[in-house]
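The file data04.cif contains mmCIF, C-alpha atoms:
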```cif
data_my_file
#
loop_
_atom_site.group_PDB
_atom_site.id
_atom_site.type_symbol
_atom_site.label_atom_id
_atom_site.label_comp_id
_atom_site.auth_asym_id
_atom_site.auth_seq_id
_atom_site.Cartn_x
_atom_site.Cartn_y
_atom_site.Cartn_z
ATOM 1 C CA GLN A 43 0.000 0.000 0.000
ATOM 2 C CA VAL A 44 1.002 3.642 -0.402
ATOM 3 C CA GLN A 45 3.031 5.065 2.440
ATOM 4 C CA LEU A 46 4.618 8.439 3.053
ATOM 5 C CA VAL A 47 6.600 8.522 6.277
ATOM 6 C CA GLU A 48 8.096 11.770 7.511
ATOM 7 C CA SER A 49 11.008 11.977 9.919
ATOM 8 C CA GLY A 50 13.555 14.445 11.235
ATOM 9 C CA GLY A 51 11.339 16.885 13.081
ATOM 10 C CA GLY A 52 12.197 18.172 16.522
ATOM 11 C CA LEU A 53 12.831 21.159 18.754
ATOM 12 C CA VAL A 54 15.284 23.822 17.613
ATOM 13 C CA GLN A 55 16.103 27.359 18.652
ATOM 14 C CA ALA A 56 15.291 30.296 16.415
ATOM 15 C CA GLY A 57 18.001 30.733 13.820
ATOM 16 C CA GLY A 58 18.783 27.026 13.793
ATOM 17 C CA SER A 59 18.374 24.397 11.090
ATOM 18 C CA LEU A 60 16.570 21.106 10.599
ATOM 19 C CA ARG A 61 16.182 18.699 7.717
ATOM 20 C CA VAL A 62 12.991 16.694 7.461
ATOM 21 C CA SER A 63 12.663 13.674 5.198
ATOM 22 C CA CYS A 64 9.775 11.787 3.637
ATOM 23 C CA ALA A 65 10.222 8.177 2.558
ATOM 24 C CA ALA A 66 7.734 6.974 -0.047
ATOM 25 C CA SER A 67 6.627 3.485 -0.959
ATOM 26 C CA GLY A 68 3.790 1.734 -2.765
ATOM 27 C CA PHE A 69 3.779 3.927 -5.878
ATOM 28 C CA THR A 70 6.150 5.003 -8.652
ATOM 29 C CA PHE A 71 7.827 7.866 -6.832
ATOM 30 C CA SER A 72 9.607 9.340 -9.854
ATOM 31 C CA THR A 73 6.291 9.986 -11.630
ATOM 32 C CA TYR A 74 4.917 12.173 -8.828
ATOM 33 C CA ALA A 75 5.602 15.784 -7.990
ATOM 34 C CA MET A 76 6.211 16.024 -4.253
ATOM 35 C CA GLY A 77 5.161 18.787 -1.925
ATOM 36 C CA TRP A 78 5.561 19.879 1.673
ATOM 37 C CA PHE A 79 2.713 21.468 3.594
ATOM 38 C CA ARG A 80 2.461 22.527 7.212
ATOM 39 C CA GLN A 81 -0.259 23.093 9.761
ATOM 40 C CA ALA A 82 0.079 25.013 12.996
ATOM 41 C CA PRO A 83 -2.388 24.622 15.879
ATOM 42 C CA GLY A 84 -5.595 26.514 15.170
ATOM 43 C CA LYS A 85 -4.529 27.408 11.642
ATOM 44 C CA GLU A 86 -5.311 26.086 8.213
ATOM 45 C CA ARG A 87 -2.870 23.901 6.353
ATOM 46 C CA GLU A 88 -0.517 25.928 4.197
ATOM 47 C CA PHE A 89 1.711 25.208 1.251
ATOM 48 C CA VAL A 90 5.467 25.256 1.862
ATOM 49 C CA ALA A 91 7.242 23.930 -1.234
ATOM 50 C CA VAL A 92 6.899 21.568 -4.199
ATOM 51 C CA ILE A 93 9.400 19.845 -6.473
ATOM 52 C CA SER A 94 8.851 18.408 -9.918
ATOM 53 C CA ARG A 95 9.173 14.731 -10.811
ATOM 54 C CA SER A 96 12.737 15.134 -12.050
ATOM 55 C CA GLY A 97 13.744 17.598 -9.364
ATOM 56 C CA GLY A 98 14.495 20.255 -11.949
ATOM 57 C CA SER A 99 11.762 22.684 -10.881
ATOM 58 C CA THR A 100 10.734 23.979 -7.486
ATOM 59 C CA VAL A 101 8.219 26.455 -6.074
ATOM 60 C CA TYR A 102 8.254 27.964 -2.582
ATOM 61 C CA ALA A 103 5.870 29.887 -0.405
ATOM 62 C CA ASP A 104 6.998 33.483 0.014
ATOM 63 C CA SER A 105 7.298 32.958 3.764
ATOM 64 C CA VAL A 106 10.070 30.355 3.364
ATOM 65 C CA LYS A 107 11.787 31.468 0.156
ATOM 66 C CA GLY A 108 15.515 31.846 0.680
ATOM 67 C CA ARG A 109 15.449 29.844 3.928
ATOM 68 C CA PHE A 110 14.047 26.435 2.916
ATOM 69 C CA THR A 111 15.231 24.082 0.164
ATOM 70 C CA ILE A 112 13.267 21.145 -1.184
ATOM 71 C CA SER A 113 15.094 18.282 -2.888
ATOM 72 C CA ARG A 114 14.501 14.680 -3.845
ATOM 73 C CA ASP A 115 16.388 11.465 -4.474
ATOM 74 C CA ASN A 116 14.447 9.277 -6.887
ATOM 75 C CA ASP A 117 16.808 6.351 -6.290
ATOM 76 C CA LYS A 118 15.919 6.417 -2.596
ATOM 77 C CA ASN A 119 12.243 7.361 -3.064
ATOM 78 C CA THR A 120 12.756 10.219 -0.638
ATOM 79 C CA VAL A 121 11.997 13.930 -0.600
ATOM 80 C CA TYR A 122 13.723 16.351 1.766
ATOM 81 C CA LEU A 123 13.099 19.788 3.188
ATOM 82 C CA GLN A 124 16.165 21.601 4.474
ATOM 83 C CA MET A 125 15.083 24.404 6.788
ATOM 84 C CA ASN A 126 17.578 27.118 7.754
ATOM 85 C CA ASN A 127 17.242 30.272 9.813
ATOM 86 C CA LEU A 128 14.122 28.883 11.451
ATOM 87 C CA LYS A 129 11.672 31.242 13.095
ATOM 88 C CA PRO A 130 9.062 30.590 15.820
ATOM 89 C CA GLU A 131 6.337 31.081 13.197
ATOM 90 C CA ASP A 132 7.680 28.015 11.366
ATOM 91 C CA THR A 133 6.398 25.852 14.236
ATOM 92 C CA ALA A 134 3.934 23.344 12.781
ATOM 93 C CA VAL A 135 3.366 19.748 11.790
ATOM 94 C CA TYR A 136 5.051 19.243 8.429
ATOM 95 C CA HIS A 137 3.423 16.864 5.951
ATOM 96 C CA CYS A 138 4.721 15.587 2.652
ATOM 97 C CA ALA A 139 2.297 14.892 -0.181
ATOM 98 C CA ALA A 140 2.375 13.333 -3.639
ATOM 99 C CA ASP A 141 0.792 14.788 -6.790
ATOM 100 C CA GLY A 142 0.366 12.217 -9.536
ATOM 101 C CA SER A 143 -1.755 14.341 -11.851
ATOM 102 C CA GLY A 144 1.044 14.811 -14.351
ATOM 103 C CA PHE A 145 0.184 18.469 -14.914
ATOM 104 C CA PRO A 146 3.327 20.387 -15.877
ATOM 105 C CA ILE A 147 2.540 23.326 -13.597
ATOM 106 C CA LEU A 148 3.483 22.629 -9.983
ATOM 107 C CA SER A 149 0.609 23.183 -7.602
ATOM 108 C CA ARG A 150 0.305 24.973 -4.256
ATOM 109 C CA ASN A 151 -3.208 23.568 -3.858
ATOM 110 C CA GLY A 152 -3.439 20.637 -1.507
ATOM 111 C CA ARG A 153 -6.434 19.254 -3.391
ATOM 112 C CA ARG A 154 -4.134 18.268 -6.251
ATOM 113 C CA TYR A 155 -2.266 15.869 -3.999
ATOM 114 C CA SER A 156 -3.541 12.323 -3.710
ATOM 115 C CA TYR A 157 -1.272 10.868 -1.022
ATOM 116 C CA TRP A 158 -0.339 12.384 2.335
ATOM 117 C CA GLY A 159 1.951 11.478 5.189
ATOM 118 C CA GLN A 160 1.063 11.671 8.873
ATOM 119 C CA GLY A 161 3.478 14.498 9.522
ATOM 120 C CA THR A 162 6.428 15.360 11.730
ATOM 121 C CA GLN A 163 6.400 18.062 14.400
ATOM 122 C CA VAL A 164 8.795 20.983 14.077
ATOM 123 C CA THR A 165 8.987 23.340 17.046
ATOM 124 C CA VAL A 166 11.072 26.504 16.977
ATOM 125 C CA SER A 167 11.696 28.216 20.294
ATOM 126 C CA SER A 168 12.405 31.930 20.578
#
```
Would you mind writing the file out in C-alpha cells?
Amino acid sequence: QVQLVESGGGLVQAGGSLRVSCAASGFTFSTYAMGWFRQAPGKEREFVAVISRSGGSTVYADSVKGRFTISRDNDKNTVYLQMNNLKPEDTAVYHCAADGSGFPILSRNGRRYSYWGQGTQVTVSS
C-alpha cells in the first residue's frame, strides 16, 4: 500500500536548522511531484514547497523562500526539506504529499495531492 513517512522533526532554537525527510513506498515515486505542507495549531494547512518529478523545478511559499530548500532522491524514493534560519512562526506539523496528476505546472493547492503522510512536528523556540 502507499506510504509516506516523515522523519527528522524536533525542537530547535530560532536561527537554527533542521532537515525533514519523507520516505515513499507503494507507488512510482519518480512519476509524482512532491510537496511539503504545514499546519500550525488553530490554523489552516498551508503550502510550503513543491518539487517536480525530475527535481528540476521547485516552487516555494513566500514565507520560506531563501530559507528552505526542497530536494529529492528518486533512487531512494525520498523527498527532503532543508530548513535554515528557522523562526518561531515556522512551528507546525510538516506533511509531505504526492501529486500524480502529471500536470506540468506545480501546484500549491493541496487538493491536487492524492497521497499524504502523517506528519512530523517541528517546534522553533524563541
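Closest approach to Ala91 (chain A) among A:Gly77, A:Gly144, A:Gly57, A:Gly68 is made by A:Gly77 (distances from all atoms listed in the file).
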Q: Find the residue from A:Arg80, A:Asp141, A:Arg95, A:Gln124 that sits nearest to Arg153 (chain A); use only C-alpha atoms when measuring.
A: A:Asp141
Given the file above and the PyMOL selection byres ((chain A and resi 110) around 10), which residues are selected, and can you give them as a short mmCIF file (atom, residue, chain, number, x, y, z; two decimals) with C-alpha atoms, keeping the file's coordinate frame?
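Saved file expr_31.cif follows:
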```
data_model
loop_
_atom_site.label_atom_id
_atom_site.label_comp_id
_atom_site.auth_asym_id
_atom_site.auth_seq_id
_atom_site.Cartn_x
_atom_site.Cartn_y
_atom_site.Cartn_z
CA SER A 59 18.37 24.40 11.09
CA LEU A 60 16.57 21.11 10.60
CA ARG A 61 16.18 18.70 7.72
CA VAL A 90 5.47 25.26 1.86
CA ALA A 91 7.24 23.93 -1.23
CA TYR A 102 8.25 27.96 -2.58
CA ALA A 103 5.87 29.89 -0.40
CA SER A 105 7.30 32.96 3.76
CA VAL A 106 10.07 30.36 3.36
CA LYS A 107 11.79 31.47 0.16
CA GLY A 108 15.52 31.85 0.68
CA ARG A 109 15.45 29.84 3.93
CA THR A 111 15.23 24.08 0.16
CA ILE A 112 13.27 21.14 -1.18
CA LEU A 123 13.10 19.79 3.19
CA GLN A 124 16.16 21.60 4.47
CA MET A 125 15.08 24.40 6.79
CA ASN A 126 17.58 27.12 7.75
CA ASN A 127 17.24 30.27 9.81
CA LEU A 128 14.12 28.88 11.45
#
```
Determine the residue membership of the PyMOL selection byres ((chain A and resi 152) around 9) for the file above and supply it as a short mmCIF file (atom, residue, chain, number, x, y, z; two decimals) with C-alpha atoms, in the coordinates of the input.
```cif
data_model
loop_
_atom_site.label_atom_id
_atom_site.label_comp_id
_atom_site.auth_asym_id
_atom_site.auth_seq_id
_atom_site.Cartn_x
_atom_site.Cartn_y
_atom_site.Cartn_z
CA GLY A 77 5.16 18.79 -1.92
CA PHE A 79 2.71 21.47 3.59
CA ARG A 87 -2.87 23.90 6.35
CA GLU A 88 -0.52 25.93 4.20
CA PHE A 89 1.71 25.21 1.25
CA ALA A 139 2.30 14.89 -0.18
CA ASP A 141 0.79 14.79 -6.79
CA SER A 149 0.61 23.18 -7.60
CA ARG A 150 0.30 24.97 -4.26
CA ASN A 151 -3.21 23.57 -3.86
CA ARG A 153 -6.43 19.25 -3.39
CA ARG A 154 -4.13 18.27 -6.25
CA TYR A 155 -2.27 15.87 -4.00
CA SER A 156 -3.54 12.32 -3.71
#
```
Name every residue that the PyMOL selection byres ((chain A and resi 72) around 6) selects in this structure, writing the answer as a PDB file with C-alpha atoms, in the frame of the given file with chains first and numbers rising.
```pdb
ATOM      1  CA  THR A  70       6.150   5.003  -8.652  1.00  0.00           C
ATOM      2  CA  PHE A  71       7.827   7.866  -6.832  1.00  0.00           C
ATOM      3  CA  THR A  73       6.291   9.986 -11.630  1.00  0.00           C
ATOM      4  CA  TYR A  74       4.917  12.173  -8.828  1.00  0.00           C
ATOM      5  CA  ARG A  95       9.173  14.731 -10.811  1.00  0.00           C
ATOM      6  CA  ASN A 116      14.447   9.277  -6.887  1.00  0.00           C
TER       7      ASN A 116
END
```
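Closest to Ala56 (chain A) among A:Thr133, A:Ala140, A:Pro83, A:Gln160 is A:Thr133, based on only C-alpha atoms.
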Since the input is missing atoms, can you rebuild N, CA and C atoms for region 143-162 of chain A and write them as a tab-separated table (two decimals), keeping the file's coordinate frame?
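The new file out_11.tsv reads:
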```tsv
chain	number	residue	atom	x	y	z
A	143	SER	N	-0.91	13.89	-10.75
A	143	SER	CA	-1.76	14.34	-11.85
A	143	SER	C	-1.02	14.43	-13.17
A	144	GLY	N	0.28	14.68	-13.12
A	144	GLY	CA	1.04	14.81	-14.35
A	144	GLY	C	0.99	16.19	-14.98
A	145	PHE	N	0.23	17.12	-14.36
A	145	PHE	CA	0.18	18.47	-14.91
A	145	PHE	C	1.58	19.10	-14.83
A	146	PRO	N	1.97	19.82	-15.87
A	146	PRO	CA	3.33	20.39	-15.88
A	146	PRO	C	3.51	21.54	-14.90
A	147	ILE	N	2.41	22.20	-14.52
A	147	ILE	CA	2.54	23.33	-13.60
A	147	ILE	C	2.44	22.80	-12.17
A	148	LEU	N	3.46	23.08	-11.37
A	148	LEU	CA	3.48	22.63	-9.98
A	148	LEU	C	2.42	23.38	-9.19
A	149	SER	N	1.77	22.63	-8.29
A	149	SER	CA	0.61	23.18	-7.60
A	149	SER	C	0.87	23.48	-6.14
A	150	ARG	N	0.31	24.62	-5.68
A	150	ARG	CA	0.30	24.97	-4.26
A	150	ARG	C	-0.98	24.49	-3.58
A	151	ASN	N	-1.89	23.94	-4.35
A	151	ASN	CA	-3.21	23.57	-3.86
A	151	ASN	C	-3.19	22.13	-3.35
A	152	GLY	N	-3.46	21.96	-2.10
A	152	GLY	CA	-3.44	20.64	-1.51
A	152	GLY	C	-4.40	19.65	-2.15
A	153	ARG	N	-5.45	20.16	-2.78
A	153	ARG	CA	-6.43	19.25	-3.39
A	153	ARG	C	-5.87	18.52	-4.60
A	154	ARG	N	-4.75	18.98	-5.12
A	154	ARG	CA	-4.13	18.27	-6.25
A	154	ARG	C	-3.38	17.03	-5.80
A	155	TYR	N	-3.13	16.92	-4.51
A	155	TYR	CA	-2.27	15.87	-4.00
A	155	TYR	C	-3.09	14.68	-3.51
A	156	SER	N	-2.73	13.51	-3.98
A	156	SER	CA	-3.54	12.32	-3.71
A	156	SER	C	-3.07	11.52	-2.51
A	157	TYR	N	-1.80	11.62	-2.16
A	157	TYR	CA	-1.27	10.87	-1.02
A	157	TYR	C	-0.63	11.83	-0.02
A	158	TRP	N	-0.84	11.53	1.26
A	158	TRP	CA	-0.34	12.38	2.34
A	158	TRP	C	0.32	11.54	3.42
A	159	GLY	N	1.36	12.11	4.03
A	159	GLY	CA	1.95	11.48	5.19
A	159	GLY	C	1.30	11.97	6.47
A	160	GLN	N	1.65	11.33	7.58
A	160	GLN	CA	1.06	11.67	8.87
A	160	GLN	C	1.68	12.92	9.48
A	161	GLY	N	2.87	13.26	9.06
A	161	GLY	CA	3.48	14.50	9.52
A	161	GLY	C	4.54	14.30	10.58
A	162	THR	N	5.39	15.32	10.70
A	162	THR	CA	6.43	15.36	11.73
A	162	THR	C	6.42	16.75	12.35
```
